[in-house]
file entry.txt (compact mmCIF, C-alpha atoms and all ligand atoms)
# COMPACT_ATOMS: atom_id res chain seq x y z
CA MET F 1 54.77 146.43 24.50
CA PRO F 2 54.36 143.86 27.33
CA THR F 3 50.69 143.30 28.20
CA ILE F 4 48.56 141.96 31.06
CA ILE F 5 45.30 140.14 30.42
CA THR F 6 43.07 139.58 33.46
CA THR F 7 40.54 136.72 33.59
CA ASP F 8 38.32 135.14 36.26
CA PHE F 9 40.06 132.09 37.70
CA GLY F 10 37.48 130.66 40.10
CA GLU F 11 35.53 131.21 43.33
CA ALA F 12 37.57 131.00 46.54
CA PRO F 13 35.24 129.79 49.34
CA GLY F 14 34.29 132.77 51.50
CA GLN F 15 36.71 135.02 49.62
CA GLY F 16 34.86 135.56 46.30
CA MET F 17 36.04 135.34 42.69
CA VAL F 18 39.78 135.38 42.12
CA GLN F 19 41.60 136.40 38.98
CA GLN F 20 44.49 135.16 36.88
CA TYR F 21 46.85 137.70 35.31
CA ALA F 22 48.67 136.73 32.10
CA LEU F 23 51.83 138.83 31.68
CA THR F 24 53.18 138.56 28.12
CA ASN F 25 56.46 140.15 27.04
CA ASP F 26 57.54 141.32 23.57
CA LEU F 27 59.08 137.87 22.93
CA GLY F 28 55.61 136.33 23.25
CA ASN F 29 56.49 134.50 26.48
CA THR F 30 53.86 134.48 29.25
CA VAL F 31 53.84 134.24 33.03
CA LYS F 32 50.48 133.61 34.68
CA ILE F 33 49.82 134.57 38.29
CA THR F 34 46.67 134.38 40.41
CA ASN F 35 45.89 136.61 43.36
CA TYR F 36 44.86 133.47 45.26
CA GLY F 37 48.03 132.83 47.25
CA ALA F 38 49.90 135.36 45.06
CA LEU F 39 51.06 132.26 43.21
CA VAL F 40 52.59 131.51 39.81
CA THR F 41 50.35 129.12 37.82
CA SER F 42 52.27 128.92 34.53
CA ILE F 43 55.43 130.13 32.80
CA VAL F 44 55.47 129.40 29.05
CA CYS F 45 58.69 130.25 27.26
CA TYR F 46 59.36 129.38 23.60
CA GLY F 47 56.24 127.21 23.56
CA GLY F 48 57.18 125.11 26.60
CA GLU F 49 55.54 125.03 30.05
CA MET F 50 58.26 125.54 32.63
CA VAL F 51 56.37 125.02 35.92
CA ILE F 52 53.93 122.69 37.67
CA GLY F 53 50.46 124.10 38.30
CA PHE F 54 46.80 124.09 37.32
CA ASP F 55 44.78 126.01 34.73
CA SER F 56 41.92 126.79 37.15
CA LEU F 57 41.49 127.51 40.86
CA ALA F 58 39.92 124.12 41.66
CA GLY F 59 43.24 122.26 41.70
CA TYR F 60 44.74 124.77 44.12
CA LEU F 61 41.77 124.38 46.49
CA GLU F 62 41.94 120.57 46.51
CA GLY F 63 45.32 120.46 48.21
CA ASN F 64 48.70 120.51 46.55
CA PRO F 65 52.28 120.94 47.80
CA TYR F 66 52.40 124.74 47.43
CA TYR F 67 52.66 124.86 43.62
CA GLY F 68 53.96 128.35 42.72
CA ALA F 69 52.84 129.74 46.04
CA THR F 70 53.96 132.83 47.92
CA ILE F 71 54.93 131.43 51.32
CA GLY F 72 54.63 133.38 54.59
CA ARG F 73 54.93 134.58 57.23
CA TYR F 74 57.84 132.16 57.55
CA GLY F 75 58.98 129.88 54.72
CA ASN F 76 60.38 126.53 55.90
CA ARG F 77 60.28 125.19 59.44
CA ILE F 78 60.31 126.69 62.95
CA ALA F 79 61.17 124.08 65.59
CA GLY F 80 58.48 123.35 68.16
CA ALA F 81 56.32 126.01 66.46
CA GLN F 82 57.69 128.58 68.88
CA PHE F 83 60.31 131.30 69.14
CA SER F 84 61.30 134.09 71.50
CA LEU F 85 61.67 137.78 70.67
CA ASN F 86 62.49 140.58 73.09
CA GLU F 87 62.33 138.02 75.96
CA GLU F 88 58.75 137.07 75.01
CA GLN F 89 57.84 133.56 73.80
CA PHE F 90 55.45 133.20 70.88
CA ASP F 91 53.56 129.96 70.31
CA LEU F 92 52.74 129.39 66.65
CA VAL F 93 50.17 127.08 65.09
CA ALA F 94 51.97 123.79 64.39
CA ASN F 95 51.29 121.83 61.19
CA ASP F 96 54.30 119.56 60.67
CA ASN F 97 55.33 117.02 63.33
CA GLY F 98 54.93 119.62 66.10
CA ASN F 99 56.85 122.23 64.11
CA GLN F 100 55.49 125.01 61.93
CA LEU F 101 56.02 124.70 58.17
CA HIS F 102 55.42 127.49 55.63
CA GLY F 103 53.51 129.81 57.94
CA GLY F 104 51.18 127.18 59.39
CA PRO F 105 47.98 125.50 58.18
CA LYS F 106 46.63 128.80 56.84
CA GLY F 107 49.66 130.62 55.51
CA PHE F 108 49.78 133.38 52.93
CA ASP F 109 49.22 130.90 50.08
CA LYS F 110 45.63 130.37 51.27
CA TYR F 111 44.50 133.99 51.02
CA VAL F 112 43.20 136.21 48.22
CA TRP F 113 45.53 139.17 47.75
CA THR F 114 44.56 142.55 46.32
CA ALA F 115 46.17 143.29 42.97
CA SER F 116 47.25 146.22 40.84
CA THR F 117 48.88 146.07 37.41
CA GLU F 118 51.37 148.15 35.42
CA GLU F 119 52.38 147.91 31.76
CA THR F 120 55.47 149.68 30.44
CA SER F 121 57.48 149.41 27.22
CA HIS F 122 59.96 147.10 28.97
CA TYR F 123 57.94 145.03 31.43
CA ALA F 124 54.54 144.04 32.77
CA SER F 125 54.15 144.16 36.54
CA LEU F 126 51.66 142.83 39.09
CA ARG F 127 51.70 144.14 42.66
CA LEU F 128 49.89 141.99 45.22
CA THR F 129 49.08 143.05 48.78
CA HIS F 130 47.99 141.13 51.87
CA VAL F 131 47.47 142.28 55.45
CA SER F 132 48.11 139.57 58.05
CA PRO F 133 46.49 140.48 61.38
CA ASP F 134 48.36 140.66 64.70
CA GLY F 135 48.51 137.10 66.11
CA ASP F 136 47.91 135.43 62.72
CA MET F 137 49.08 131.78 63.09
CA GLY F 138 50.72 132.99 66.34
CA PHE F 139 52.99 135.68 64.85
CA PRO F 140 53.12 139.13 66.54
CA GLY F 141 52.27 142.33 64.73
CA GLU F 142 49.93 143.25 61.94
CA LEU F 143 52.05 142.62 58.84
CA THR F 144 51.38 144.43 55.57
CA VAL F 145 53.00 142.52 52.70
CA HIS F 146 53.56 143.54 49.08
CA VAL F 147 54.79 141.04 46.48
CA THR F 148 55.58 142.58 43.08
CA TYR F 149 56.09 140.29 40.09
CA THR F 150 57.77 141.93 37.10
CA TRP F 151 58.09 140.05 33.76
CA ASP F 152 60.38 141.85 31.30
CA ASN F 153 61.55 141.58 27.69
CA GLU F 154 64.61 139.52 28.73
CA ASN F 155 62.40 136.73 30.16
CA ALA F 156 63.34 137.75 33.72
CA LEU F 157 60.71 137.21 36.41
CA ARG F 158 61.68 139.54 39.25
CA ILE F 159 59.93 139.04 42.61
CA ASN F 160 60.22 141.94 45.04
CA TYR F 161 59.00 141.37 48.60
CA GLU F 162 58.25 144.20 51.05
CA ALA F 163 56.73 144.05 54.53
CA THR F 164 56.16 146.30 57.55
CA SER F 165 54.81 145.38 60.96
CA THR F 166 53.05 147.17 63.83
CA LYS F 167 55.14 145.16 66.34
CA ASP F 168 58.60 143.58 66.31
CA THR F 169 58.14 140.24 64.52
CA ILE F 170 59.83 137.71 62.22
CA VAL F 171 59.40 137.40 58.45
CA ASN F 172 60.83 134.97 55.87
CA LEU F 173 58.95 135.14 52.54
CA THR F 174 59.63 132.92 49.55
CA ASN F 175 58.12 131.46 46.39
CA HIS F 176 57.49 127.75 46.04
CA THR F 177 57.40 127.35 42.24
CA TYR F 178 58.20 123.86 40.93
CA PHE F 179 60.39 124.18 37.82
CA ASN F 180 60.92 121.64 35.05
CA ILE F 181 62.54 123.41 32.08
CA GLY F 182 62.94 120.12 30.20
CA THR F 183 60.42 117.69 28.76
CA ALA F 184 61.27 114.57 30.79
CA ASP F 185 59.10 113.20 33.62
CA THR F 186 61.88 113.91 36.14
CA VAL F 187 64.53 116.58 36.61
CA HIS F 188 67.28 113.94 36.90
CA GLY F 189 68.77 114.94 33.53
CA LEU F 190 68.77 118.68 34.20
CA GLU F 191 72.12 120.13 35.26
CA LEU F 192 72.40 122.36 38.29
CA VAL F 193 75.06 124.69 39.64
CA VAL F 194 74.56 126.26 43.09
CA SER F 195 77.01 128.93 44.28
CA ALA F 196 77.21 127.54 47.80
CA ASP F 197 80.23 126.00 49.53
CA ARG F 198 78.10 125.10 52.58
CA TYR F 199 74.63 123.73 53.30
CA VAL F 200 72.39 123.40 56.36
CA PRO F 201 72.16 119.80 57.64
CA VAL F 202 68.81 118.91 59.21
CA ASN F 203 67.32 116.05 61.20
CA GLU F 204 64.60 113.73 59.88
CA ALA F 205 61.95 116.36 60.73
CA GLY F 206 63.77 119.00 58.68
CA ILE F 207 65.04 120.91 61.73
CA PRO F 208 68.65 122.17 61.55
CA PHE F 209 71.28 121.35 64.14
CA GLY F 210 72.39 125.00 64.15
CA GLU F 211 75.48 124.89 61.93
CA THR F 212 76.35 124.80 58.24
CA GLU F 213 78.62 122.11 56.79
CA PRO F 214 80.89 122.07 53.69
CA VAL F 215 79.32 120.54 50.60
CA VAL F 216 82.65 119.19 49.32
CA GLY F 217 82.68 115.40 49.23
CA THR F 218 78.92 115.18 49.79
CA PRO F 219 75.89 114.73 47.44
CA PHE F 220 75.14 118.42 48.18
CA ASP F 221 78.14 119.62 46.16
CA PHE F 222 76.77 121.53 43.14
CA THR F 223 79.68 123.96 42.94
CA SER F 224 80.25 122.59 39.42
CA ALA F 225 77.46 121.67 37.00
CA LYS F 226 76.08 118.25 37.90
CA PRO F 227 72.96 116.35 36.80
CA VAL F 228 70.30 116.74 39.49
CA GLY F 229 69.87 112.95 39.43
CA GLN F 230 73.54 112.04 39.79
CA ASP F 231 73.50 111.79 43.61
CA ILE F 232 69.74 112.07 44.24
CA ASP F 233 69.66 108.53 45.66
CA ALA F 234 73.07 108.63 47.31
CA ASP F 235 73.69 106.57 50.43
CA HIS F 236 73.53 109.64 52.66
CA PRO F 237 71.13 109.80 55.64
CA GLN F 238 69.61 113.16 54.62
CA ILE F 239 69.11 112.07 51.01
CA GLN F 240 67.65 108.71 52.02
CA SER F 241 65.43 110.27 54.69
CA ALA F 242 64.02 112.87 52.28
CA ASN F 243 63.99 110.62 49.18
CA GLY F 244 65.94 113.30 47.34
CA TYR F 245 67.10 116.85 48.03
CA ASP F 246 65.25 118.87 50.68
CA ASN F 247 67.88 121.13 52.23
CA THR F 248 68.90 124.77 52.41
CA TRP F 249 72.18 125.79 50.82
CA ALA F 250 74.08 128.75 52.32
CA ILE F 251 74.62 130.89 49.24
CA ASN F 252 78.13 132.36 48.97
CA ASP F 253 78.87 136.07 49.50
CA TYR F 254 75.71 137.04 51.39
CA ASP F 255 75.60 140.79 52.08
CA GLY F 256 71.96 141.64 51.33
CA SER F 257 72.67 142.65 47.72
CA LEU F 258 71.34 140.85 44.63
CA ARG F 259 73.76 138.13 43.43
CA PRO F 260 73.56 135.04 41.19
CA PHE F 261 73.13 131.77 43.11
CA ALA F 262 72.13 129.00 40.67
CA VAL F 263 71.86 127.97 37.02
CA LEU F 264 69.54 125.14 35.97
CA SER F 265 70.17 123.81 32.43
CA ASP F 266 68.43 121.36 30.11
CA PRO F 267 71.18 119.83 27.90
CA ALA F 268 68.55 118.40 25.51
CA SER F 269 66.96 121.75 24.60
CA GLY F 270 69.63 124.23 25.66
CA ARG F 271 67.12 126.01 27.91
CA LYS F 272 68.59 127.65 31.01
CA LEU F 273 67.21 129.22 34.20
CA PHE F 274 69.48 131.84 35.80
CA CYS F 275 68.66 132.56 39.45
CA SER F 276 69.74 135.45 41.66
CA THR F 277 68.67 136.69 45.07
CA THR F 278 69.38 138.99 48.00
CA GLU F 279 68.64 136.14 50.46
CA PRO F 280 71.24 134.15 52.46
CA GLY F 281 69.87 130.74 51.52
CA VAL F 282 67.97 128.63 49.03
CA GLN F 283 65.95 125.49 49.79
CA VAL F 284 66.40 122.97 46.98
CA PHE F 285 63.47 120.53 46.97
CA THR F 286 63.20 117.85 44.29
CA THR F 287 59.50 116.91 44.62
CA ASN F 288 60.32 113.84 46.68
CA PHE F 289 56.72 112.64 47.04
CA GLY F 290 55.52 109.23 45.94
CA SER F 291 54.19 109.24 42.37
CA GLY F 292 50.48 110.01 42.45
CA ASP F 293 50.41 111.58 45.93
CA TYR F 294 49.24 114.72 44.11
CA THR F 295 48.02 115.66 40.64
CA GLU F 296 49.00 118.51 38.36
CA ARG F 297 47.73 120.29 35.22
CA GLY F 298 45.39 118.19 33.14
CA GLY F 299 44.82 115.71 35.99
CA ARG F 300 48.26 114.17 35.44
CA PRO F 301 49.67 112.39 38.52
CA LEU F 302 52.63 114.27 40.02
CA THR F 303 55.54 111.85 39.67
CA THR F 304 58.56 111.60 42.00
CA HIS F 305 61.31 114.13 41.20
CA ARG F 306 59.08 115.70 38.52
CA ALA F 307 60.33 119.24 39.27
CA ILE F 308 62.75 121.26 41.39
CA CYS F 309 62.00 124.11 43.78
CA LEU F 310 64.58 126.84 44.40
CA GLU F 311 63.05 128.64 47.38
CA THR F 312 65.20 131.60 48.39
CA GLN F 313 64.97 132.36 52.10
CA HIS F 314 66.57 132.75 55.48
CA PHE F 315 67.74 129.48 57.00
CA PRO F 316 65.17 127.15 58.58
CA ASP F 317 64.46 127.71 62.27
CA SER F 318 66.56 130.88 62.13
CA PRO F 319 64.52 132.63 64.89
CA ASN F 320 65.86 129.94 67.27
CA GLN F 321 69.40 129.62 65.88
CA GLU F 322 71.84 132.27 67.08
CA ASN F 323 74.40 131.31 64.39
CA PHE F 324 71.90 132.00 61.55
CA THR F 325 71.00 135.40 60.08
CA THR F 326 68.06 136.73 62.06
CA PRO F 327 64.62 137.00 60.38
CA ARG F 328 63.62 139.73 62.86
CA LEU F 329 61.68 142.73 61.50
CA LYS F 330 61.44 145.65 63.90
CA VAL F 331 58.66 148.23 64.01
CA GLY F 332 59.65 151.09 61.72
CA GLU F 333 61.86 148.87 59.52
CA THR F 334 60.87 147.61 56.06
CA TYR F 335 61.59 144.00 55.08
CA ARG F 336 62.87 144.05 51.49
CA THR F 337 64.14 141.03 49.53
CA THR F 338 64.39 140.25 45.82
CA THR F 339 64.70 137.07 43.78
CA VAL F 340 65.02 136.88 39.97
CA TYR F 341 64.42 133.84 37.74
CA ARG F 342 65.57 134.50 34.13
CA PHE F 343 64.87 132.04 31.32
CA GLU F 344 67.00 131.56 28.19
C1 LIG F 401 57.83 118.70 52.36
O1 LIG F 401 59.95 118.90 53.50
C2 LIG F 401 59.25 119.28 52.31
C3 LIG F 401 59.20 120.79 52.21
O2 LIG F 401 60.53 121.30 52.05
C4 LIG F 401 58.34 121.21 51.02
O3 LIG F 401 58.26 122.63 50.99
C5 LIG F 401 56.95 120.61 51.16
O4 LIG F 401 57.03 119.19 51.26
C6 LIG F 401 56.09 120.94 49.94
O5 LIG F 401 57.24 119.07 53.58
call {"tool": "encode", "arguments": {"input": "entry.txt", "output": "structure tokens", "more": "lines below"}}
Ligand code: G6D
result
Amino acid sequence: MPTIITTDFGEAPGQGMVQQYALTNDLGNTVKITNYGALVTSIVCYGGEMVIGFDSLAGYLEGNPYYGATIGRYGNRIAGAQFSLNEEQFDLVANDNGNQLHGGPKGFDKYVWTASTEETSHYASLRLTHVSPDGDMGFPGELTVHVTYTWDNENALRINYEATSTKDTIVNLTNHTYFNIGTADTVHGLELVVSADRYVPVNEAGIPFGETEPVVGTPFDFTSAKPVGQDIDADHPQIQSANGYDNTWAINDYDGSLRPFAVLSDPASGRKLFCSTTEPGVQVFTTNFGSGDYTERGGRPLTTHRAICLETQHFPDSPNQENFTTPRLKVGETYRTTTVYRFE
């Protein structure tokens, strides 16, 4: 029967001791999650570590690029750190070249969430809750958020997001796990398929122009399996500007239902990661930092293109882009999205 083992993970300044929850399925594979930032710290399948993280809270407090983190209220960027809703303008806290990125300087990844656990014959489940006050980082409405991680006997990590607000607001939650299902120092040799005929071009600050473009004939074409590294240094302004991939793909057949959107494969080991979501988009980010800008587990320097993030979400700056699906959440409505990462 799948089990959950809870251990102390470290003291969060001003927020007390936080815990780590180890969810182990009947195959002996384990996902570890901490209620600090509702973030994934480790996924070990068949003896291999699949994600970037730390084994104690200290690393997460020292500053890192959102390893495994639950991101909110709004994943990705909002231009000018402002948006309008119901003819009212809201000024957000900016933290990225005058824009807001990932919910601002103190987003959901910086808080301790309350946790409850469930063990059944088929899965282990961790439900995390956070209440974001009205005006938090500039967003209207008190937002009550539940993130439920479920780890089952088919090695599927299902993430269910739910939120309700006391005022009309915007919400765009995601998970920022960095995956490397291989054993190499980069993801260049991993193969990726993304079920997206279009992507969202952005400027050098990561702000979209308001349209999607076809991927065909560009480095962003992953409609057939392609090594992540094949075009990662292509002579394309967005690739060169970002030093890799850092764009949102418009996933095909968006209708709010759960559908497959990507498969990441390691030809050397045969490992695969099958991804599905209810969301319209996925940000593919290939850890484009300079080697050593950050560290990871065991004090190892984080090297360029070490891992790949597949952050399901609404499109960047969607509150300000009339052509993009709205991230609006009205009073009385419940925000519900799901993303599943299944390992083979
Ligand atoms: C950079 O532009 C990228 C983001 O997409 C990423 O989420 C962050 O680093 C960690 O700002």
call {"tool": "closest_atom_pairs", "arguments": {"input": "entry.txt", "of": "chain F", "to": "ligand LIG 401 (chain F)", "cutoff": "7 Å", "atoms": "only C-alpha atoms and all ligand atoms", "output": "CSV"}}
result
residue,atom,partner,partner_atom,distance
F:Pro65,CA,F:LIG401,C6,4.4
F:Tyr66,CA,F:LIG401,C6,5.9
F:Asn76,CA,F:LIG401,O2,6.5
F:Gly206,CA,F:LIG401,O1,6.4
F:Asp246,CA,F:LIG401,O2,5.5
F:Phe285,CA,F:LIG401,O2,5.9
call {"tool": "closest_residue", "arguments": {"input": "entry.txt", "among": "F:Gly182, F:Gly292, F:Pro201, F:Pro280", "to": "Ile308 in chain F", "atoms": "all atoms listed in the file"}}
result
F:Gly182
call {"tool": "atom_distance", "arguments": {"input": "entry.txt", "atom1": "CA of Gly80 in chain F", "atom2": "CA of Gly104 in chain F"}}
result
12.0 Å
call {"tool": "atom_distance", "arguments": {"input": "entry.txt", "atom1": "CA of Pro327 in chain F", "atom2": "CA of Asp136 in chain F"}}
result
16.9 Å
call {"tool": "atom_distance", "arguments": {"input": "entry.txt", "atom1": "CA of Thr6 in chain F", "atom2": "CA of Gln20 in chain F"}}
result
5.8 Å
call {"tool": "closest_residue", "arguments": {"input": "entry.txt", "among": "F:Glu322, F:Asp253, F:Glu49, F:Glu333", "to": "Ala163 in chain F", "atoms": "all atoms listed in the file"}}
result
F:Glu333
call {"tool": "closest_residue", "arguments": {"input": "entry.txt", "among": "F:Thr3, F:Asn86, F:Thr41, F:Gln19", "to": "Glu296 in chain F", "atoms": "only C-alpha atoms"}}
result
F:Thr41
call {"tool": "closest_residue", "arguments": {"input": "entry.txt", "among": "F:Ala234, F:Tyr111, F:Glu118, F:Met137", "to": "Asn95 in chain F", "atoms": "all atoms listed in the file"}}
result
F:Met137
call {"tool": "closest_residue", "arguments": {"input": "entry.txt", "among": "F:Cys275, F:Ala38, F:Val215, F:Ala184", "to": "Val112 in chain F", "atoms": "only C-alpha atoms"}}
result
F:Ala38
call {"tool": "closest_residue", "arguments": {"input": "entry.txt", "among": "F:Asp8, F:Glu211, F:Glu142, F:Asp55", "to": "Pro316 in chain F", "atoms": "only C-alpha atoms"}}
result
F:Glu211
call {"tool": "residues_around", "arguments": {"input": "entry.txt", "residues": "Leu92 in chain F", "least_positions_apart": "5", "cutoff": "12 Å", "atoms": "only C-alpha atoms", "output": "list of chain:residue names"}}
result
F:Arg73, F:Tyr74, F:Arg77, F:Ile78, F:Ala79, F:Gly80, F:Ala81, F:Gln82, F:Phe83, F:Ser84, F:Gly98, F:Asn99, F:Gln100, F:Leu101, F:His102, F:Gly103, F:Gly104, F:Pro105, F:Lys106, F:Gly107, F:Gly135, F:Asp136, F:Met137, F:Gly138, F:Phe139, F:Pro140, F:Ile170
call {"tool": "residues_around", "arguments": {"input": "entry.txt", "residues": "Lys167 in chain F", "least_positions_apart": "6", "cutoff": "9 Å", "atoms": "all atoms listed in the file", "output": "list in words"}}
result
Asp134, Pro140, Gly141, Glu142, Leu143, Leu329, Lys330, Val331 and Gly332 of chain F
call {"tool": "residues_around", "arguments": {"input": "entry.txt", "residues": "Gln321 in chain F", "least_positions_apart": "3", "cutoff": "6 Å", "atoms": "all atoms listed in the file", "output": "compact mmCIF listing (two decimals) with C-alpha atoms, keeping the file's coordinate frame"}}
result
# COMPACT_ATOMS: atom_id res chain seq x y z
CA GLY F 210 72.39 125.00 64.15
CA SER F 318 66.56 130.88 62.13
CA PHE F 324 71.90 132.00 61.55
call {"tool": "decode", "arguments": {"input": "entry.txt", "residues": "range 71-84 of chain F", "atoms": "N, CA and C atoms", "output": "compact mmCIF listing (two decimals), in the first residue's frame"}}
result
# COMPACT_ATOMS: atom_id res chain seq x y z
N ILE F 71 3.86 27.88 -8.01
CA ILE F 71 3.99 29.29 -8.39
C ILE F 71 2.62 29.94 -8.39
N GLY F 72 2.49 31.09 -7.74
CA GLY F 72 1.23 31.84 -7.73
C GLY F 72 1.44 33.18 -7.07
N ARG F 73 0.47 34.11 -7.26
CA ARG F 73 -0.83 33.90 -7.84
C ARG F 73 -0.77 33.73 -9.36
N TYR F 74 0.28 34.28 -10.00
CA TYR F 74 0.29 34.26 -11.45
C TYR F 74 1.65 33.79 -11.95
N GLY F 75 1.69 32.55 -12.47
CA GLY F 75 2.92 32.03 -13.05
C GLY F 75 3.25 32.74 -14.35
N ASN F 76 4.55 33.05 -14.54
CA ASN F 76 5.05 33.79 -15.69
C ASN F 76 4.87 35.29 -15.50
N ARG F 77 4.93 36.04 -16.60
CA ARG F 77 5.04 37.49 -16.46
C ARG F 77 3.73 38.22 -16.72
N ILE F 78 3.58 39.38 -16.04
CA ILE F 78 2.51 40.34 -16.29
C ILE F 78 3.18 41.66 -16.61
N ALA F 79 2.92 42.17 -17.83
CA ALA F 79 3.64 43.36 -18.31
C ALA F 79 3.33 44.57 -17.44
N GLY F 80 4.40 45.31 -17.13
CA GLY F 80 4.24 46.55 -16.36
C GLY F 80 3.73 46.31 -14.96
N ALA F 81 3.66 45.03 -14.55
CA ALA F 81 3.15 44.67 -13.21
C ALA F 81 1.80 45.35 -12.96
N GLN F 82 0.95 45.34 -13.99
CA GLN F 82 -0.39 45.90 -13.79
C GLN F 82 -1.39 45.26 -14.77
N PHE F 83 -2.63 45.26 -14.36
CA PHE F 83 -3.71 44.79 -15.23
C PHE F 83 -5.00 45.48 -14.81
N SER F 84 -5.99 45.40 -15.70
CA SER F 84 -7.30 45.98 -15.37
C SER F 84 -8.33 44.88 -15.34
